Every structure is written in structure tokens, then in C-alpha cells.
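Next up, work.txt (compact mmCIF, C-alpha atoms and all ligand atoms):
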# COMPACT_ATOMS: atom_id res chain seq x y z
CA MET A 1 -115.91 -151.71 67.29
CA SER A 2 -117.50 -149.01 69.37
CA SER A 3 -119.75 -146.23 68.22
CA GLN A 4 -121.48 -143.27 69.81
CA GLN A 5 -125.27 -143.86 69.70
CA ASP A 6 -126.41 -141.59 66.84
CA ALA A 7 -128.54 -143.88 64.66
CA PRO A 8 -130.04 -146.79 66.63
CA GLU A 9 -127.82 -149.88 66.46
CA THR A 10 -129.79 -152.95 65.48
CA SER A 11 -127.14 -155.68 65.73
CA PRO A 12 -126.52 -157.32 69.13
CA HIS A 13 -124.36 -155.08 71.32
CA ILE A 14 -123.40 -153.96 74.80
CA LEU A 15 -124.50 -150.43 75.66
CA VAL A 16 -122.00 -148.44 77.75
CA LEU A 17 -123.59 -145.47 79.51
CA GLY A 18 -121.20 -142.75 80.73
CA MET A 19 -121.95 -140.75 83.86
CA GLY A 20 -118.45 -139.27 84.40
CA GLY A 21 -116.40 -139.74 87.58
CA THR A 22 -112.71 -140.33 88.14
CA ILE A 23 -112.74 -143.08 85.53
CA ALA A 24 -113.24 -140.22 83.05
CA GLY A 25 -111.03 -137.82 85.02
CA LEU A 26 -107.73 -136.15 84.11
CA ALA A 27 -104.88 -135.05 86.39
CA SER A 28 -102.93 -131.94 85.42
CA SER A 29 -99.58 -133.51 86.50
CA PRO A 30 -100.32 -137.24 86.54
CA ASP A 31 -96.72 -138.28 87.32
CA GLN A 32 -96.30 -135.88 90.26
CA ASN A 33 -99.73 -135.94 91.85
CA PRO A 34 -102.38 -138.15 90.20
CA MET A 35 -104.84 -137.42 93.00
CA GLN A 36 -105.06 -133.75 92.02
CA TYR A 37 -107.44 -134.04 89.10
CA GLU A 38 -110.81 -133.17 87.67
CA ALA A 39 -113.45 -135.89 87.36
CA GLY A 40 -115.71 -136.20 84.29
CA GLN A 41 -113.36 -134.87 81.59
CA LEU A 42 -113.27 -137.65 78.97
CA GLU A 43 -116.21 -138.90 76.94
CA VAL A 44 -117.14 -142.54 77.49
CA ALA A 45 -116.39 -143.20 73.78
CA SER A 46 -112.75 -142.27 74.35
CA LEU A 47 -112.54 -144.56 77.42
CA LEU A 48 -113.67 -147.38 75.13
CA ALA A 49 -111.25 -146.40 72.36
CA HIS A 50 -108.42 -146.70 74.90
CA ILE A 51 -109.20 -150.36 75.68
CA GLN A 52 -110.33 -151.31 72.17
CA SER A 53 -107.47 -153.75 71.49
CA ALA A 54 -108.39 -155.80 74.59
CA ILE A 55 -112.07 -156.18 73.73
CA PRO A 56 -112.96 -159.55 72.18
CA GLY A 57 -113.63 -159.15 68.43
CA ASN A 58 -117.15 -160.58 68.69
CA VAL A 59 -118.28 -157.94 71.22
CA LYS A 60 -119.87 -154.87 69.69
CA LEU A 61 -120.02 -151.78 71.88
CA VAL A 62 -122.24 -148.73 71.62
CA SER A 63 -121.74 -145.80 73.97
CA LYS A 64 -124.01 -143.07 75.20
CA GLN A 65 -123.03 -140.11 77.37
CA VAL A 66 -125.79 -139.59 79.95
CA ALA A 67 -123.76 -137.08 82.00
CA ASN A 68 -120.11 -136.22 82.62
CA ILE A 69 -119.96 -135.08 86.21
CA ASN A 70 -118.05 -135.45 89.43
CA SER A 71 -120.54 -137.77 91.12
CA ARG A 72 -120.46 -135.76 94.36
CA ASN A 73 -122.74 -133.46 92.30
CA LEU A 74 -125.18 -136.22 91.35
CA THR A 75 -128.75 -134.94 91.12
CA GLU A 76 -132.10 -136.65 91.24
CA SER A 77 -132.81 -135.48 87.68
CA LEU A 78 -129.71 -137.36 86.52
CA LEU A 79 -130.89 -140.47 88.35
CA THR A 80 -134.16 -140.20 86.44
CA LEU A 81 -132.26 -139.82 83.17
CA LEU A 82 -130.03 -142.80 83.96
CA GLY A 83 -132.91 -145.00 85.16
CA ASP A 84 -134.91 -144.22 82.01
CA ALA A 85 -131.84 -144.95 79.83
CA VAL A 86 -131.28 -148.30 81.57
CA ARG A 87 -134.92 -149.33 81.24
CA GLU A 88 -134.93 -148.30 77.58
CA ALA A 89 -131.75 -150.32 76.98
CA LEU A 90 -133.20 -153.36 78.74
CA ALA A 91 -136.32 -153.16 76.56
CA ASN A 92 -134.19 -153.03 73.39
CA THR A 93 -133.76 -156.55 72.03
CA SER A 94 -130.44 -155.55 70.34
CA VAL A 95 -128.91 -154.64 73.71
CA LYS A 96 -127.45 -157.77 75.32
CA GLY A 97 -126.06 -156.09 78.42
CA VAL A 98 -125.43 -152.64 79.89
CA VAL A 99 -122.33 -151.11 81.51
CA VAL A 100 -122.50 -147.84 83.47
CA THR A 101 -119.31 -145.87 84.17
CA HIS A 102 -119.84 -143.75 87.28
CA GLY A 103 -118.03 -141.72 89.93
CA THR A 104 -117.42 -143.65 93.12
CA ASP A 105 -118.48 -140.92 95.57
CA THR A 106 -122.20 -141.59 95.09
CA ILE A 107 -122.13 -144.94 93.27
CA GLU A 108 -123.80 -146.24 96.45
CA GLU A 109 -126.92 -144.20 95.75
CA THR A 110 -127.02 -145.14 92.07
CA GLY A 111 -126.54 -148.83 92.89
CA ILE A 112 -129.59 -149.03 95.16
CA PHE A 113 -131.61 -146.78 92.83
CA LEU A 114 -131.03 -149.07 89.83
CA GLN A 115 -131.72 -152.20 91.89
CA LEU A 116 -135.04 -150.86 93.15
CA THR A 117 -136.25 -149.44 89.83
CA CYS A 118 -134.74 -151.81 87.23
CA GLY A 119 -133.64 -154.95 89.14
CA LYS A 120 -136.68 -157.11 88.47
CA TYR A 121 -136.90 -156.00 84.86
CA ALA A 122 -133.23 -156.93 84.25
CA GLN A 123 -133.72 -160.26 85.99
CA ASN A 124 -136.86 -161.12 84.01
CA LEU A 125 -135.11 -160.29 80.73
CA GLY A 126 -131.95 -162.16 81.76
CA LYS A 127 -129.74 -159.11 81.12
CA ARG A 128 -126.92 -157.85 83.32
CA VAL A 129 -126.36 -154.18 84.12
CA ILE A 130 -122.83 -153.62 85.49
CA LEU A 131 -121.70 -150.46 87.29
CA THR A 132 -118.04 -149.58 87.47
CA GLY A 133 -115.74 -146.65 88.22
CA ALA A 134 -112.17 -145.91 89.23
CA MET A 135 -110.13 -144.45 92.06
CA LEU A 136 -107.38 -143.01 89.82
CA PRO A 137 -107.91 -140.62 86.90
CA ALA A 138 -107.60 -141.94 83.35
CA ASN A 139 -104.11 -140.46 82.75
CA ALA A 140 -102.58 -141.66 86.07
CA PRO A 141 -99.65 -144.07 85.51
CA LYS A 142 -101.47 -146.93 87.27
CA ALA A 143 -105.02 -145.96 86.30
CA ASP A 144 -107.49 -148.63 87.46
CA GLY A 145 -110.33 -147.52 85.15
CA PRO A 146 -109.31 -149.50 82.04
CA SER A 147 -109.20 -152.86 83.83
CA ASN A 148 -112.44 -152.12 85.71
CA LEU A 149 -114.18 -151.18 82.46
CA LEU A 150 -112.87 -154.29 80.72
CA ASP A 151 -114.09 -156.48 83.57
CA ALA A 152 -117.51 -154.84 83.39
CA ILE A 153 -117.74 -155.32 79.60
CA ARG A 154 -116.62 -158.96 79.85
CA TRP A 155 -119.16 -159.64 82.59
CA ALA A 156 -121.98 -157.90 80.71
CA SER A 157 -121.22 -159.76 77.48
CA THR A 158 -120.21 -163.26 78.61
CA PRO A 159 -122.87 -165.90 79.17
CA ILE A 160 -122.15 -167.21 82.69
CA ASP A 161 -123.80 -170.40 83.85
CA ASN A 162 -126.32 -169.73 86.52
CA CYS A 163 -125.65 -165.98 86.82
CA PRO A 164 -129.05 -164.32 86.40
CA GLY A 165 -129.83 -160.96 84.90
CA GLY A 166 -129.68 -158.18 87.47
CA ILE A 167 -127.90 -155.04 88.61
CA TYR A 168 -124.28 -155.72 89.51
CA ALA A 169 -121.01 -153.86 90.02
CA VAL A 170 -117.36 -154.62 89.51
CA MET A 171 -114.34 -152.78 90.92
CA ASP A 172 -110.77 -153.85 91.60
CA GLY A 173 -111.34 -157.33 90.12
CA ARG A 174 -114.25 -158.14 92.39
CA ALA A 175 -117.96 -158.33 91.77
CA CYS A 176 -121.00 -157.61 93.91
CA LEU A 177 -124.62 -156.64 93.62
CA ALA A 178 -124.69 -152.91 92.78
CA MET A 179 -126.80 -152.31 95.88
CA ASP A 180 -123.90 -153.66 98.00
CA LEU A 181 -121.29 -151.33 96.50
CA ALA A 182 -120.19 -148.39 98.65
CA LYS A 183 -117.16 -146.17 99.04
CA ARG A 184 -115.75 -146.92 102.46
CA HIS A 185 -112.31 -145.32 102.18
CA GLY A 186 -111.30 -141.92 100.88
CA SER A 187 -108.45 -143.03 98.64
CA ALA A 188 -107.70 -146.80 98.63
CA LEU A 189 -107.99 -148.51 95.23
CA ASN A 190 -110.49 -151.02 96.59
CA ALA A 191 -112.42 -148.31 98.46
CA PRO A 192 -115.82 -148.83 96.87
CA ILE A 193 -116.08 -152.55 97.45
CA GLN A 194 -118.00 -153.25 100.60
CA ALA A 195 -118.34 -156.98 100.23
CA SER A 196 -117.78 -159.73 97.75
CA PRO A 197 -116.01 -163.04 97.70
CA SER A 198 -116.41 -163.45 93.94
CA SER A 199 -114.44 -162.38 90.91
CA SER A 200 -115.81 -160.67 87.83
CA ALA A 201 -115.97 -162.53 84.54
CA GLY A 202 -116.45 -166.26 84.63
CA LEU A 203 -115.43 -167.02 88.21
CA ILE A 204 -118.61 -166.33 90.06
CA ASN A 205 -118.55 -167.93 93.47
CA PRO A 206 -121.54 -170.34 93.88
CA SER A 207 -122.31 -169.33 97.48
CA TRP A 208 -122.38 -165.66 96.44
CA LEU A 209 -124.72 -166.60 93.57
CA SER A 210 -127.12 -168.27 95.95
CA GLY A 211 -127.12 -165.00 97.95
CA VAL A 212 -127.97 -163.09 94.74
CA LYS A 213 -130.86 -165.46 94.10
CA ALA A 214 -132.11 -165.02 97.66
CA VAL A 215 -132.15 -161.24 97.23
CA GLN A 216 -133.88 -161.56 93.86
CA ALA A 217 -136.53 -163.84 95.34
CA LEU A 218 -137.34 -161.15 97.91
CA TRP A 219 -137.40 -158.37 95.30
CA THR A 220 -140.72 -159.01 93.54
CA GLU A 221 -141.55 -155.75 91.76
CA ASP A 222 -139.65 -152.66 90.61
CA LEU A 223 -140.63 -149.26 91.98
CA PRO A 224 -141.53 -146.43 89.59
CA ILE A 225 -138.78 -143.98 88.60
CA PRO A 226 -139.77 -140.49 89.80
CA LYS A 227 -140.17 -138.06 86.91
CA GLU A 228 -137.77 -135.15 86.79
CA GLY A 229 -138.87 -132.56 89.37
CA GLU A 230 -141.12 -135.06 91.20
CA TRP A 231 -138.59 -136.59 93.60
CA PRO A 232 -139.76 -136.19 97.20
CA TRP A 233 -137.40 -134.04 99.29
CA VAL A 234 -135.69 -136.25 101.88
CA GLU A 235 -132.81 -135.22 104.17
CA ILE A 236 -130.27 -137.20 106.21
CA LEU A 237 -129.66 -135.92 109.75
CA THR A 238 -126.87 -137.30 111.93
CA SER A 239 -127.40 -137.69 115.68
CA HIS A 240 -124.35 -136.63 117.67
CA ALA A 241 -123.18 -135.42 121.05
CA GLY A 242 -124.75 -132.06 121.76
CA ALA A 243 -127.67 -132.57 119.33
CA ARG A 244 -130.37 -129.86 119.52
CA SER A 245 -134.12 -130.13 118.99
CA GLU A 246 -133.93 -127.20 116.53
CA THR A 247 -132.18 -129.53 114.03
CA ILE A 248 -135.54 -131.33 113.72
CA THR A 249 -138.05 -128.51 114.32
CA HIS A 250 -136.29 -126.57 111.54
CA TRP A 251 -137.93 -128.92 108.99
CA LEU A 252 -141.49 -128.76 110.29
CA ASN A 253 -142.38 -125.73 108.19
CA SER A 254 -140.55 -126.89 105.10
CA LYS A 255 -141.53 -129.01 102.10
CA VAL A 256 -139.46 -131.93 103.38
CA LYS A 257 -141.34 -135.21 102.92
CA GLY A 258 -138.97 -137.48 104.76
CA LEU A 259 -136.08 -137.64 107.22
CA VAL A 260 -133.44 -140.35 107.54
CA ILE A 261 -131.84 -140.31 110.97
CA ALA A 262 -128.25 -141.57 110.92
CA GLY A 263 -128.31 -142.56 114.56
CA SER A 264 -125.57 -143.64 116.92
CA GLY A 265 -124.96 -147.31 117.73
CA MET A 266 -128.01 -149.41 116.83
CA GLY A 267 -129.66 -146.39 115.22
CA GLY A 268 -130.64 -144.55 118.40
CA PHE A 269 -130.83 -140.77 118.48
CA HIS A 270 -130.26 -138.08 121.08
CA ASP A 271 -133.12 -137.67 123.59
CA ALA A 272 -133.16 -133.97 122.65
CA TRP A 273 -134.74 -135.03 119.32
CA LYS A 274 -137.50 -137.27 120.67
CA ASP A 275 -140.40 -134.78 120.99
CA SER A 276 -139.65 -132.98 117.76
CA LEU A 277 -139.41 -136.27 115.86
CA VAL A 278 -142.83 -137.28 117.23
CA ALA A 279 -144.10 -133.90 116.02
CA ALA A 280 -142.49 -134.45 112.60
CA VAL A 281 -144.30 -137.77 112.13
CA LYS A 282 -147.61 -136.16 113.19
CA HIS A 283 -146.84 -133.50 110.59
CA GLY A 284 -146.78 -136.20 107.89
CA ILE A 285 -142.99 -136.42 107.51
CA ALA A 286 -141.84 -139.99 106.76
CA LEU A 287 -139.21 -141.10 109.28
CA VAL A 288 -136.53 -143.78 108.93
CA ARG A 289 -133.79 -144.67 111.38
CA THR A 290 -130.37 -146.10 110.49
CA THR A 291 -126.94 -146.28 112.08
CA ARG A 292 -124.10 -143.84 111.50
CA THR A 293 -121.54 -146.55 112.36
CA GLY A 294 -121.25 -147.73 108.73
CA ALA A 295 -121.96 -151.38 109.50
CA GLY A 296 -124.58 -153.63 111.03
CA GLU A 297 -128.34 -153.72 110.83
CA THR A 298 -130.85 -151.33 112.35
CA LEU A 299 -133.78 -153.37 113.63
CA PRO A 300 -137.30 -152.35 114.71
CA ASP A 301 -137.81 -151.52 118.39
CA LEU A 302 -134.11 -151.93 119.23
CA PRO A 303 -132.62 -150.66 121.48
CA GLU A 304 -136.02 -149.25 122.52
CA LYS A 305 -139.55 -149.08 121.12
CA ASP A 306 -139.78 -147.03 117.92
CA ILE A 307 -141.75 -143.81 117.59
CA SER A 308 -145.05 -144.85 116.02
CA GLY A 309 -144.73 -144.70 112.21
CA CYS A 310 -140.90 -144.65 112.21
CA LEU A 311 -139.21 -147.53 110.34
CA ALA A 312 -135.81 -149.12 110.94
CA SER A 313 -133.57 -149.32 107.85
CA GLY A 314 -132.45 -152.96 108.16
CA SER A 315 -129.05 -153.19 106.45
CA LEU A 316 -129.50 -149.97 104.45
CA THR A 317 -126.91 -147.26 105.10
CA ALA A 318 -128.08 -143.66 105.37
CA PRO A 319 -127.46 -142.77 101.66
CA ARG A 320 -129.25 -145.95 100.55
CA ALA A 321 -132.07 -145.47 103.05
CA ARG A 322 -132.55 -141.96 101.68
CA ILE A 323 -132.98 -143.18 98.08
CA ALA A 324 -135.22 -146.03 99.29
CA LEU A 325 -137.37 -143.59 101.25
CA GLN A 326 -137.67 -141.21 98.29
CA LEU A 327 -138.77 -144.07 96.03
CA SER A 328 -141.19 -145.35 98.70
CA VAL A 329 -142.81 -141.95 99.24
CA TYR A 330 -143.10 -141.51 95.47
CA ALA A 331 -144.55 -145.02 95.07
CA GLU A 332 -147.14 -144.27 97.79
CA LYS A 333 -148.25 -141.19 95.87
CA GLN A 334 -148.50 -143.10 92.58
CA ASN A 335 -150.33 -145.89 94.34
CA GLN A 336 -152.88 -143.53 95.85
CA THR A 337 -153.41 -141.82 92.49
CA ALA A 338 -154.26 -145.27 91.15
CA GLY A 339 -156.86 -145.65 93.93
CA LYS A 340 -154.82 -148.15 95.99
CA SER A 341 -153.85 -147.89 99.60
CA LEU A 342 -150.23 -149.05 100.01
CA THR A 343 -148.23 -146.66 102.18
CA TRP A 344 -144.56 -145.64 102.02
CA GLN A 345 -144.03 -148.00 104.98
CA ASP A 346 -145.33 -150.94 102.90
CA PHE A 347 -142.83 -150.15 100.12
CA PHE A 348 -139.92 -149.35 102.45
CA ALA A 349 -140.41 -152.53 104.50
CA ARG A 350 -139.89 -154.61 101.33
CA ILE A 351 -136.55 -152.89 100.75
CA ALA A 352 -135.31 -152.98 104.34
CA VAL A 353 -135.46 -156.79 104.41
CA LEU A 354 -132.99 -157.20 101.51
CA PRO A 355 -129.79 -158.66 102.96
CA VAL A 356 -126.23 -157.60 102.13
CA ILE A 357 -124.40 -160.45 100.37
CA ARG A 358 -120.93 -161.06 101.74
N1 LIG B 401 -115.18 -137.59 93.02
C1 LIG B 401 -115.16 -138.68 92.06
C2 LIG B 401 -116.57 -138.94 91.62
O1 LIG B 401 -117.30 -139.51 92.38
C3 LIG B 401 -114.57 -139.87 92.70
C4 LIG B 401 -114.51 -141.10 91.83
O2 LIG B 401 -115.09 -141.23 90.79
O3 LIG B 401 -113.78 -142.03 92.26
O4 LIG B 401 -116.95 -138.59 90.53
Let's see the structure in the file written out as C-alpha cells.
Ligand code: ASP
Amino acid sequence: MSSQQDAPETSPHILVLGMGGTIAGLASSPDQNPMQYEAGQLEVASLLAHIQSAIPGNVKLVSKQVANINSRNLTESLLTLLGDAVREALANTSVKGVVVTHGTDTIEETGIFLQLTCGKYAQNLGKRVILTGAMLPANAPKADGPSNLLDAIRWASTPIDNCPGGIYAVMDGRACLAMDLAKRHGSALNAPIQASPSSSAGLINPSWLSGVKAVQALWTEDLPIPKEGEWPWVEILTSHAGARSETITHWLNSKVKGLVIAGSGMGGFHDAWKDSLVAAVKHGIALVRTTRTGAGETLPDLPEKDISGCLASGSLTAPRARIALQLSVYAEKQNQTAGKSLTWQDFFARIAVLPVIR
């Protein structure tokens, strides 16, 4: 039923891409302490073999190991590899849907990355890409990976009325757009689900679907995937009590191309940073402001007028804003090479308006 992708498979199938994570993790003493484990130990093919008997007979699976890491170690090169693999799978007429198994620590970054680089393509082709992961390692007595993976495969392979192609995620029996998935608890089984009223295969809530369509209407064109080694360097800096101007001036003589400020409250930052942030923008560093609170939108000129050139992140969290800024800075460079004049602000503004669907 499932095969590792050696020779290209030409019959209709679901491609399962493995990135590693706890879903592929093993605990040394699963009965005593399942939370003491190593992520990224099992190949994705063996995760599929484990659930084989529950997979409908008409669903053919092909697996491909893209990486097998603890996702806290996710790199930009791996994002490039994954994005290219997803686009290649979408272009392949034999591939009917794609599942990605991933660690939950940085699934938030991968979710927004795939939305911004492959979302329109998946929608236009009517194919679903489903991200999933797990909070317990594969050999834990109550491992959640098998049911999450089954849900993802069912959702990727089942025609669902009205549910368009796109980049989704499923965890703990609930579905959301992948760009809305985030780990918001260190250990709870439902930790990565930020928002979703819907369930995975077949029970998609109509009001949630209309939210998906609203997001897709706003997302008109995918951004280019940076080539390996060409990702712009962007850092996240958190404003806090006792912040010092040196935290900003430190970057002025570096190769940093962008800064995301995880500000307090509505995305404000310590007054000690003001002058050096103005200097950073003059220096050509792209600047985005978000909130460190973990919820709520960051809006332009609130609570006070923005530094000229600085953009507010809308509903993007700091990790998402960082990926969005990297893709925007890269897109600006590509755009200029092609003799056009769109700036990173033009690209970022299109992303910052995308709402979170609850
Ligand atoms: N540290 C793990 C990872 O992100 C956590 C997980 O997958 O749940 O790979």
C-alpha cells in the first residue's frame, strides 16, 4: 500500500513527506517517562506501515523523507527543500494530495511558509496539502501521531464538497489553515492548535470554510521560494523592561536585512530603542513590529505613529512575521532583478492583511 519514492509512481496517490518531529520520535522508557525522548528517529515509511490496516484500500500512499530532525533545529535550507518538494508534488498529475509530518516546535513557521509560497498553486490545482505532527513520541502508550496522520491522509485523499485546494493542518482531531497552526503550550496534546471550530475529514464547518475562501481571495499570488543560501537574514528581538539601545545598534554593522520587533502590548517597544531603530531603517534594514503577547493584531500607527518605513504585522506572530519578512525581502530582490519596482513593504502588506480564521 505504501512505498518509498524510488521509481516515480504513476498511478494516483497521496504523497507523504517526512520532516521528523515527535511524531517520528522514540522514548527510551515509554511507560515510565514518554516525554523523555528523541524526535526524528523513525522513517516516515515506518509511520505509515504502523497505520496501514486503517488506511482505506483504495488509497495509495507514497512516502519521501525530506528530513528527520527535531524541528527546533529547522533551517532555511530545509524550508527550501520542503517547499520545492511540495511544488513538485503539486505539479505531478499522479499526486492527488500531500501530507507533511513535522515537528510541532516550528510547525508555525512551516505553515506560513507553505501558505505564502505554495498556497495559490495548491488552490488553483484543487489539491490539499495537510501538515500534521504529534505531542507524544511514536512508542508512547497513548501516542497521538497515528490518529493525526490518519486524519491528515483521510483529509488529503477524500473529496470534500466545497473544500478547496490549499495548505491546511490537522492535529488532535481538529483542522485549520496551516498558517493558523501554532504551538501555544509546552506539553498539552492540543498545544499546536491555535484556532479551529472544524473537524478533519468530512465534517468541515461551513462558516470556517467561508473564512478559508476569504483568505484565499486575498492571497492572489505565491511568493518565490528562496534558493538555498539566498534567504535574507532576519532576526526577532523582544522588547522588555530594561531594554538597551545596544540590542539594536549591535546589528547596524552586520549583514542583517530585517528585524522583527516582538513588542509589548499593541506592538510598542521601549523608548531606549527609538533612535537606533530609526538609524536601522536609514541603514536599509527592513523593520516590522508585532506583539509579544501571543494574541491580537498589531495595527499601523497604534498606539503611536510608526517610524517611517516600519510596518505593523497585522495578525502575524513574531515567528510568522519573520518568515513573511524574509520572503518579502527576497521577493523585492527578485522583483528588482526583473526590472520591476515593488518593495518588501508591498509584499509584506499583502500578507499582513490575511486574517486568522477562528
Ligand atoms: N521538539 C519536537 C519537534 O518539534 C516537538 C514535536 O514535534 O512535538 O520536533
With 12 Å as the cut-off and all atoms listed in the file counted, what is the closest atom pair between each nearby residue of chain A and ligand LIG 401 (chain B)? Distances in Å to one decimal, ordered by chain and number, as a tab-separated table.
residue	atom	partner	partner_atom	distance
A:Gly18	CA	B:LIG401	O4	11.5
A:Met19	CA	B:LIG401	O4	8.6
A:Gly20	CA	B:LIG401	O4	6.3
A:Gly21	CA	B:LIG401	O4	3.2
A:Thr22	CA	B:LIG401	O2	3.7
A:Ile23	CA	B:LIG401	O2	6.1
A:Ala24	CA	B:LIG401	O2	8.0
A:Gly25	CA	B:LIG401	O2	7.8
A:Leu26	CA	B:LIG401	O2	11.2
A:Met35	CA	B:LIG401	C3	10.0
A:Gln36	CA	B:LIG401	N1	10.9
A:Tyr37	CA	B:LIG401	N1	9.4
A:Glu38	CA	B:LIG401	N1	8.2
A:Ala39	CA	B:LIG401	O4	5.4
A:Gly40	CA	B:LIG401	O4	6.8
A:Gln41	CA	B:LIG401	O4	10.3
A:Ala67	CA	B:LIG401	O4	11.0
A:Asn68	CA	B:LIG401	O4	8.8
A:Ile69	CA	B:LIG401	O4	6.3
A:Asn70	CA	B:LIG401	O4	3.5
A:Ser71	CA	B:LIG401	O4	3.7
A:Arg72	CA	B:LIG401	O1	5.3
A:Asn73	CA	B:LIG401	O4	7.9
A:Leu74	CA	B:LIG401	O1	8.6
A:Thr101	CA	B:LIG401	O2	9.1
A:His102	CA	B:LIG401	O2	6.4
A:Gly103	CA	B:LIG401	O2	3.1
A:Thr104	CA	B:LIG401	O3	4.1
A:Asp105	CA	B:LIG401	O1	3.7
A:Thr106	CA	B:LIG401	O1	6.0
A:Ile107	CA	B:LIG401	O1	7.3
A:Glu108	CA	B:LIG401	O1	10.2
A:Glu109	CA	B:LIG401	O1	11.2
A:Thr110	CA	B:LIG401	O1	11.2
A:Leu131	CA	B:LIG401	O2	11.9
A:Thr132	CA	B:LIG401	O2	9.5
A:Gly133	CA	B:LIG401	O2	6.0
A:Ala134	CA	B:LIG401	O3	5.2
A:Met135	CA	B:LIG401	O3	4.4
A:Leu136	CA	B:LIG401	O3	6.9
A:Pro137	CA	B:LIG401	O3	8.1
A:Ala138	CA	B:LIG401	O2	10.6
A:Ala143	CA	B:LIG401	O3	11.3
A:Asp144	CA	B:LIG401	O3	10.3
A:Gly145	CA	B:LIG401	O3	9.6
A:Met171	CA	B:LIG401	O3	10.8
A:Ala182	CA	B:LIG401	O3	11.1
A:Lys183	CA	B:LIG401	O3	8.6
A:Arg184	CA	B:LIG401	O3	11.5
A:His185	CA	B:LIG401	O3	10.6
A:Gly186	CA	B:LIG401	O3	9.0
A:Ser187	CA	B:LIG401	O3	8.4
A:Ala188	CA	B:LIG401	O3	10.0
A:Leu189	CA	B:LIG401	O3	9.2
A:Asn190	CA	B:LIG401	O3	10.5
A:Ala191	CA	B:LIG401	O3	8.9
A:Pro192	CA	B:LIG401	O3	8.5
A:Ile193	CA	B:LIG401	O3	12.0
Next item on the list: Could you please give me, as an MDAnalysis selection string, the residues of protein, DNA or RNA lying at most 6 Å from (-124.8, -152.1, 83.1) in the coordinate frame of the file, considering all atoms listed in the file?
Entry: chainID A and resid 98:100 129:131
Next item on the list: State, in Å with one decimal place, the distance from CA of Lys96 (chain A) to CA of Pro226 (chain A).
Entry: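 Going from CA of Lys96 (chain A) over to CA of Pro226 (chain A), I get 25.7 Å.
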Would you compute, for all listed atoms of region 181-192 of chain A, the axis-aligned bounding box grown by 3 Å on each side, and then report its centre and edge lengths in Å rounded to one decimal, as JSON?
{"center_x": -114.5, "center_y": -146.6, "center_z": 98.8, "size_x": 19.6, "size_y": 15.4, "size_z": 13.2}
Notebook entry, point to check: Of the candidates A:Ala89, A:Leu287, A:Ile357, A:Ala280, which shows the shortest atom-to-atom distance to Leu252 (chain A), using all atoms listed in the file?
Noted result: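 Counting all atoms listed in the file, the residue closest to Leu252 (chain A) is A:Ala280.
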Check: Which residues, protein or nucleic acid, reach to within 9 Å of (-134.2, -136.7, 98.6) in the file's coordinates when using all atoms listed in the file, and can you give that as a list in words?
Finding: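 Taken together, the residues in range are Glu76, Trp231, Pro232, Trp233, Val234, Glu235, Ile236, Val256, Lys257, Gly258, Leu259, Arg322, Ile323, Leu325 and Gln326 of chain A.
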Can I get the selected residues back with C-alpha atoms, as an mmCIF file, in the frame of the given file?
data_model
loop_
_atom_site.group_PDB
_atom_site.id
_atom_site.type_symbol
_atom_site.label_atom_id
_atom_site.label_comp_id
_atom_site.auth_asym_id
_atom_site.auth_seq_id
_atom_site.Cartn_x
_atom_site.Cartn_y
_atom_site.Cartn_z
ATOM 1 C CA GLU A 76 -132.100 -136.650 91.240
ATOM 2 C CA TRP A 231 -138.590 -136.590 93.600
ATOM 3 C CA PRO A 232 -139.760 -136.190 97.200
ATOM 4 C CA TRP A 233 -137.400 -134.040 99.290
ATOM 5 C CA VAL A 234 -135.690 -136.250 101.880
ATOM 6 C CA GLU A 235 -132.810 -135.220 104.170
ATOM 7 C CA ILE A 236 -130.270 -137.200 106.210
ATOM 8 C CA VAL A 256 -139.460 -131.930 103.380
ATOM 9 C CA LYS A 257 -141.340 -135.210 102.920
ATOM 10 C CA GLY A 258 -138.970 -137.480 104.760
ATOM 11 C CA LEU A 259 -136.080 -137.640 107.220
ATOM 12 C CA ARG A 322 -132.550 -141.960 101.680
ATOM 13 C CA ILE A 323 -132.980 -143.180 98.080
ATOM 14 C CA LEU A 325 -137.370 -143.590 101.250
ATOM 15 C CA GLN A 326 -137.670 -141.210 98.290
#
Next item on the list: Pick out the closest residue to Ile225 (chain A) from this set: A:Thr117, A:Ser245, A:Thr343, A:Ser46. Count only C-alpha atoms.
Entry: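 Of all the options, A:Thr117 lies closest to Ile225 (chain A).
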Item checked: CA of Lys305 (chain A) to CA of Arg244 (chain A), straight-line distance in Å ->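 Atom-to-atom, CA of Arg244 (chain A) and CA of Lys305 (chain A) are spaced 21.4 Å apart.
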